[in-house]
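K.L.:
Supplied in structure tokens, the structure appears directly below.
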Amino acid sequence: LRLGGKRPPPERVPVDLAAACREAYAPYREDFRDHFGGEDVEISCTAPSAAATADPTLVAQTLWNLFGNELKYAAPFGRVKVRIEEGGGKVCVVFADEGPGMSPRDRRRAFDRYFRGRSKSGKGGFGIGLCTAREFARAMGGDLTLAANDPHGCVFTLELPK
């Protein structure tokens with residue numbers, strides 16, 4: 001805010017996304033275990049190298065946001081799995097959940113600033129987390145997308161350059 005909404009350009013350094021996921025998950029671990037009968041979120045890596053060219057601080061903030069959203073909106077209803085994969089010069093962190101999902105209308109607006117979809121969890125928010133996370137991903141040359149997870153739930157994909 002002190003910069004008038006402007007951020008300095010992101011760093012472009014190698015970031016180990018598997019390690020970044022484990023670190024971002026740590027503050028949420030106990031809460032997820034409460035929902036999953038003592039088990040952790042499954043974090044798997046199929047990428048030969050999970051290194052992306054990105055800004056470590058922005059990656060951490062984006063992953064915190066995604067884990068936080070999964071905890072609030074999906075975990076009370078079903079499992080959450082995270083996988084790291086690569087292809088086409090990109091490394092992706094995919095969050096797939098078995099939560100209640102979002103309507104097509106809410107999915108189209110999920111990244112709009114201040115938009116809050118209809119939540120079955122009763123948890124609040126300000127409608128800025130996903131918008132900011134997508135802005136961070138795009139500033140690093142990647143993207144953050146959302147799709148339905150059949151038969152129910154959502155899939156968030158953070159895509160960053162290799």
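Chain lettering (A, B, ...) mirrors the order of the structure tokens, residue numbering begins at 1 for each chain separately, and ligand numbering begins at 1 in order of display.
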Can you pull out every residue within 10 Å of Ala60 in chain A, counting only C-alpha atoms, but drop anything in the same chain fewer than 4 positions away, and send it as a PyMOL selection string?
P.N.:
chain A and resi 17+20-21+23-25+55-56+64-66
K.L.:
Dump N, CA, C and O atoms for the selected residues as a short mmCIF file (atom, residue, chain, number, x, y, z; two decimals), in the first residue's frame?
P.N.:
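Done, and the output landed in result.cif:
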data_model
loop_
_atom_site.label_atom_id
_atom_site.label_comp_id
_atom_site.auth_asym_id
_atom_site.auth_seq_id
_atom_site.Cartn_x
_atom_site.Cartn_y
_atom_site.Cartn_z
N LEU A 17 9.71 -26.02 -5.91
CA LEU A 17 8.29 -25.97 -5.57
C LEU A 17 7.88 -27.07 -4.59
O LEU A 17 6.94 -26.87 -3.81
N ALA A 20 8.87 -25.60 -1.32
CA ALA A 20 7.99 -24.47 -1.05
C ALA A 20 6.61 -24.95 -0.60
O ALA A 20 6.01 -24.36 0.31
N CYS A 21 6.09 -26.01 -1.21
CA CYS A 21 4.79 -26.56 -0.80
C CYS A 21 4.84 -27.09 0.63
O CYS A 21 3.93 -26.85 1.42
N GLU A 23 6.85 -26.18 3.02
CA GLU A 23 6.96 -25.04 3.94
C GLU A 23 5.65 -24.29 4.07
O GLU A 23 5.26 -23.88 5.17
N ALA A 24 4.94 -24.08 2.96
CA ALA A 24 3.66 -23.35 3.01
C ALA A 24 2.59 -24.16 3.72
O ALA A 24 1.70 -23.59 4.35
N TYR A 25 2.68 -25.48 3.65
CA TYR A 25 1.71 -26.35 4.31
C TYR A 25 1.88 -26.37 5.83
O TYR A 25 0.90 -26.49 6.57
N ASP A 55 9.77 -15.91 -7.99
CA ASP A 55 10.11 -15.13 -6.81
C ASP A 55 9.72 -15.95 -5.58
O ASP A 55 8.53 -16.24 -5.39
N PRO A 56 10.67 -16.32 -4.72
CA PRO A 56 10.34 -17.19 -3.58
C PRO A 56 9.27 -16.61 -2.65
O PRO A 56 8.43 -17.35 -2.14
N TRP A 64 0.43 -20.15 0.38
CA TRP A 64 -0.30 -19.94 1.63
C TRP A 64 -1.77 -19.66 1.35
O TRP A 64 -2.65 -20.19 2.01
N ASN A 65 -2.01 -18.82 0.36
CA ASN A 65 -3.38 -18.50 0.01
C ASN A 65 -4.14 -19.75 -0.44
O ASN A 65 -5.28 -19.97 -0.03
N LEU A 66 -3.51 -20.56 -1.28
CA LEU A 66 -4.19 -21.76 -1.78
C LEU A 66 -4.44 -22.77 -0.67
O LEU A 66 -5.54 -23.33 -0.56
#
K.L.:
Compile the contact shell of Pro48 in chain A as a list in words: residues with an atom at most 12 Å away, counting only C-alpha atoms, same-chain residues fewer than 5 positions apart removed.
P.N.:
Asp16, Leu17, Ala18, Ile84, Glu85, Glu86, Gly87, Val91 and Lys162 of chain A
K.L.:
Could you dump the residues just selected with all heavy atoms as a PDB file, in the first residue's frame?
P.N.:
ATOM      1  N   ASP A  16      12.485 -24.285  -5.580  1.00  0.00           N
ATOM      2  CA  ASP A  16      12.086 -25.692  -5.468  1.00  0.00           C
ATOM      3  C   ASP A  16      10.627 -25.715  -5.003  1.00  0.00           C
ATOM      4  O   ASP A  16      10.336 -25.436  -3.835  1.00  0.00           O
ATOM      5  CB  ASP A  16      12.993 -26.412  -4.476  1.00  0.00           C
ATOM      6  CG  ASP A  16      12.645 -27.878  -4.294  1.00  0.00           C
ATOM      7  OD1 ASP A  16      11.510 -28.298  -4.622  1.00  0.00           O
ATOM      8  OD2 ASP A  16      13.525 -28.621  -3.807  1.00  0.00           O
ATOM      9  N   LEU A  17       9.713 -26.025  -5.906  1.00  0.00           N
ATOM     10  CA  LEU A  17       8.290 -25.970  -5.570  1.00  0.00           C
ATOM     11  C   LEU A  17       7.879 -27.067  -4.588  1.00  0.00           C
ATOM     12  O   LEU A  17       6.944 -26.871  -3.809  1.00  0.00           O
ATOM     13  CB  LEU A  17       7.440 -26.027  -6.835  1.00  0.00           C
ATOM     14  CG  LEU A  17       7.535 -24.789  -7.727  1.00  0.00           C
ATOM     15  CD1 LEU A  17       6.636 -24.932  -8.948  1.00  0.00           C
ATOM     16  CD2 LEU A  17       7.180 -23.526  -6.964  1.00  0.00           C
ATOM     17  N   ALA A  18       8.549 -28.209  -4.599  1.00  0.00           N
ATOM     18  CA  ALA A  18       8.226 -29.255  -3.624  1.00  0.00           C
ATOM     19  C   ALA A  18       8.551 -28.759  -2.215  1.00  0.00           C
ATOM     20  O   ALA A  18       7.736 -28.889  -1.294  1.00  0.00           O
ATOM     21  CB  ALA A  18       8.977 -30.540  -3.947  1.00  0.00           C
ATOM     22  N   ILE A  84       2.797 -31.939  -7.902  1.00  0.00           N
ATOM     23  CA  ILE A  84       3.690 -31.056  -8.649  1.00  0.00           C
ATOM     24  C   ILE A  84       4.107 -31.823  -9.887  1.00  0.00           C
ATOM     25  O   ILE A  84       4.551 -32.967  -9.798  1.00  0.00           O
ATOM     26  CB  ILE A  84       4.906 -30.662  -7.801  1.00  0.00           C
ATOM     27  CG1 ILE A  84       4.432 -29.976  -6.522  1.00  0.00           C
ATOM     28  CG2 ILE A  84       5.843 -29.746  -8.594  1.00  0.00           C
ATOM     29  CD1 ILE A  84       5.393 -30.055  -5.383  1.00  0.00           C
ATOM     30  N   GLU A  85       3.919 -31.203 -11.040  1.00  0.00           N
ATOM     31  CA  GLU A  85       4.239 -31.858 -12.313  1.00  0.00           C
ATOM     32  C   GLU A  85       4.862 -30.835 -13.248  1.00  0.00           C
ATOM     33  O   GLU A  85       4.760 -29.633 -13.012  1.00  0.00           O
ATOM     34  CB  GLU A  85       2.977 -32.475 -12.921  1.00  0.00           C
ATOM     35  CG  GLU A  85       1.819 -31.512 -13.022  1.00  0.00           C
ATOM     36  CD  GLU A  85       0.469 -32.172 -13.279  1.00  0.00           C
ATOM     37  OE1 GLU A  85       0.202 -33.256 -12.759  1.00  0.00           O
ATOM     38  OE2 GLU A  85      -0.313 -31.550 -14.027  1.00  0.00           O
ATOM     39  N   GLU A  86       5.496 -31.325 -14.288  1.00  0.00           N
ATOM     40  CA  GLU A  86       6.091 -30.394 -15.248  1.00  0.00           C
ATOM     41  C   GLU A  86       5.819 -30.853 -16.673  1.00  0.00           C
ATOM     42  O   GLU A  86       5.539 -32.025 -16.922  1.00  0.00           O
ATOM     43  CB  GLU A  86       7.589 -30.237 -15.002  1.00  0.00           C
ATOM     44  CG  GLU A  86       8.461 -31.335 -15.538  1.00  0.00           C
ATOM     45  CD  GLU A  86       9.932 -31.043 -15.339  1.00  0.00           C
ATOM     46  OE1 GLU A  86      10.516 -30.360 -16.194  1.00  0.00           O
ATOM     47  OE2 GLU A  86      10.487 -31.514 -14.343  1.00  0.00           O
ATOM     48  N   GLY A  87       5.909 -29.886 -17.572  1.00  0.00           N
ATOM     49  CA  GLY A  87       5.723 -30.162 -18.988  1.00  0.00           C
ATOM     50  C   GLY A  87       5.617 -28.863 -19.757  1.00  0.00           C
ATOM     51  O   GLY A  87       5.131 -27.863 -19.230  1.00  0.00           O
ATOM     52  N   VAL A  91       6.277 -25.642 -14.710  1.00  0.00           N
ATOM     53  CA  VAL A  91       6.115 -26.498 -13.543  1.00  0.00           C
ATOM     54  C   VAL A  91       4.786 -26.089 -12.918  1.00  0.00           C
ATOM     55  O   VAL A  91       4.513 -24.897 -12.746  1.00  0.00           O
ATOM     56  CB  VAL A  91       7.261 -26.327 -12.522  1.00  0.00           C
ATOM     57  CG1 VAL A  91       7.079 -27.279 -11.350  1.00  0.00           C
ATOM     58  CG2 VAL A  91       8.610 -26.542 -13.178  1.00  0.00           C
ATOM     59  N   LYS A 162       9.646 -22.818 -16.092  1.00  0.00           N
ATOM     60  CA  LYS A 162      10.733 -23.705 -15.656  1.00  0.00           C
ATOM     61  C   LYS A 162      11.997 -22.908 -15.443  1.00  0.00           C
ATOM     62  O   LYS A 162      12.280 -21.940 -15.994  1.00  0.00           O
ATOM     63  CB  LYS A 162      10.930 -24.779 -16.743  1.00  0.00           C
ATOM     64  CG  LYS A 162      11.867 -25.859 -16.380  1.00  0.00           C
ATOM     65  CD  LYS A 162      11.092 -26.996 -15.754  1.00  0.00           C
ATOM     66  CE  LYS A 162      12.067 -28.094 -15.383  1.00  0.00           C
ATOM     67  NZ  LYS A 162      12.383 -28.139 -14.004  1.00  0.00           N
TER      68      LYS A 162
END
K.L.:
From the set A:Glu135, A:Glu98, A:Asp143, A:Glu70, which residue has the shortest atom-to-atom contact distance to Asp31 in chain A, counting only C-alpha atoms?
P.N.:
A:Glu70
K.L.:
Would you please extract all alpha helix (DSSP H) residues from range 36-79 of chain A, as assigned by DSSP on the backbone, and give them as a list in words?
P.N.:
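Output for range 36-79 of chain A, alpha helix (DSSP H) only: Pro56, Thr57, Leu58, Val59, Ala60, Gln61, Thr62, Leu63, Trp64, Asn65, Leu66, Phe67, Gly68 and Asn69 of chain A.
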K.L.:
Just the residues within 9 Å of Phe36 in chain A, please, counting only C-alpha atoms, with nothing from its chain fewer than 2 positions along; format it as a PyMOL selection string.
P.N.:
chain A and resi 31-34+38-41+75-76+78-79
K.L.:
Would you write out those residues with N, CA, C and O atoms, as an mmCIF file, in the first residue's frame?
P.N.:
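Saved file out_14.cif follows:
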data_model
loop_
_atom_site.group_PDB
_atom_site.id
_atom_site.type_symbol
_atom_site.label_atom_id
_atom_site.label_comp_id
_atom_site.auth_asym_id
_atom_site.auth_seq_id
_atom_site.Cartn_x
_atom_site.Cartn_y
_atom_site.Cartn_z
ATOM 1 N N ASP A 31 -4.464 -28.161 11.450
ATOM 2 C CA ASP A 31 -5.869 -27.941 11.101
ATOM 3 C C ASP A 31 -6.341 -28.950 10.050
ATOM 4 O O ASP A 31 -7.454 -29.476 10.136
ATOM 5 N N PHE A 32 -5.509 -29.219 9.039
ATOM 6 C CA PHE A 32 -5.869 -30.231 8.046
ATOM 7 C C PHE A 32 -5.975 -31.601 8.709
ATOM 8 O O PHE A 32 -6.904 -32.361 8.429
ATOM 9 N N ARG A 33 -5.033 -31.932 9.595
ATOM 10 C CA ARG A 33 -5.077 -33.226 10.283
ATOM 11 C C ARG A 33 -6.371 -33.378 11.075
ATOM 12 O O ARG A 33 -6.907 -34.484 11.175
ATOM 13 N N ASP A 34 -6.851 -32.293 11.663
ATOM 14 C CA ASP A 34 -8.125 -32.354 12.392
ATOM 15 C C ASP A 34 -9.260 -32.805 11.473
ATOM 16 O O ASP A 34 -10.135 -33.559 11.873
ATOM 17 N N GLY A 38 -6.190 -37.126 11.446
ATOM 18 C CA GLY A 38 -4.779 -37.209 11.779
ATOM 19 C C GLY A 38 -3.852 -37.342 10.590
ATOM 20 O O GLY A 38 -2.627 -37.327 10.756
ATOM 21 N N GLU A 39 -4.390 -37.474 9.395
ATOM 22 C CA GLU A 39 -3.548 -37.609 8.200
ATOM 23 C C GLU A 39 -3.255 -36.244 7.588
ATOM 24 O O GLU A 39 -4.032 -35.307 7.725
ATOM 25 N N ASP A 40 -2.142 -36.192 6.876
ATOM 26 C CA ASP A 40 -1.740 -34.964 6.189
ATOM 27 C C ASP A 40 -2.353 -34.890 4.796
ATOM 28 O O ASP A 40 -2.803 -35.899 4.242
ATOM 29 N N VAL A 41 -2.315 -33.695 4.230
ATOM 30 C CA VAL A 41 -2.618 -33.513 2.816
ATOM 31 C C VAL A 41 -1.548 -34.267 2.038
ATOM 32 O O VAL A 41 -0.358 -34.183 2.365
ATOM 33 N N ALA A 75 -11.656 -28.675 2.805
ATOM 34 C CA ALA A 75 -11.288 -29.711 3.774
ATOM 35 C C ALA A 75 -12.443 -30.171 4.666
ATOM 36 O O ALA A 75 -12.518 -31.362 4.981
ATOM 37 N N PRO A 76 -13.371 -29.289 5.072
ATOM 38 C CA PRO A 76 -14.467 -29.783 5.905
ATOM 39 C C PRO A 76 -15.357 -30.808 5.188
ATOM 40 O O PRO A 76 -16.117 -31.524 5.831
ATOM 41 N N GLY A 78 -14.110 -32.923 2.338
ATOM 42 C CA GLY A 78 -13.416 -34.020 1.669
ATOM 43 C C GLY A 78 -11.926 -33.772 1.546
ATOM 44 O O GLY A 78 -11.413 -32.730 1.951
ATOM 45 N N ARG A 79 -11.246 -34.726 0.993
ATOM 46 C CA ARG A 79 -9.791 -34.713 0.889
ATOM 47 C C ARG A 79 -9.279 -33.620 -0.057
ATOM 48 O O ARG A 79 -9.976 -33.178 -0.956
#
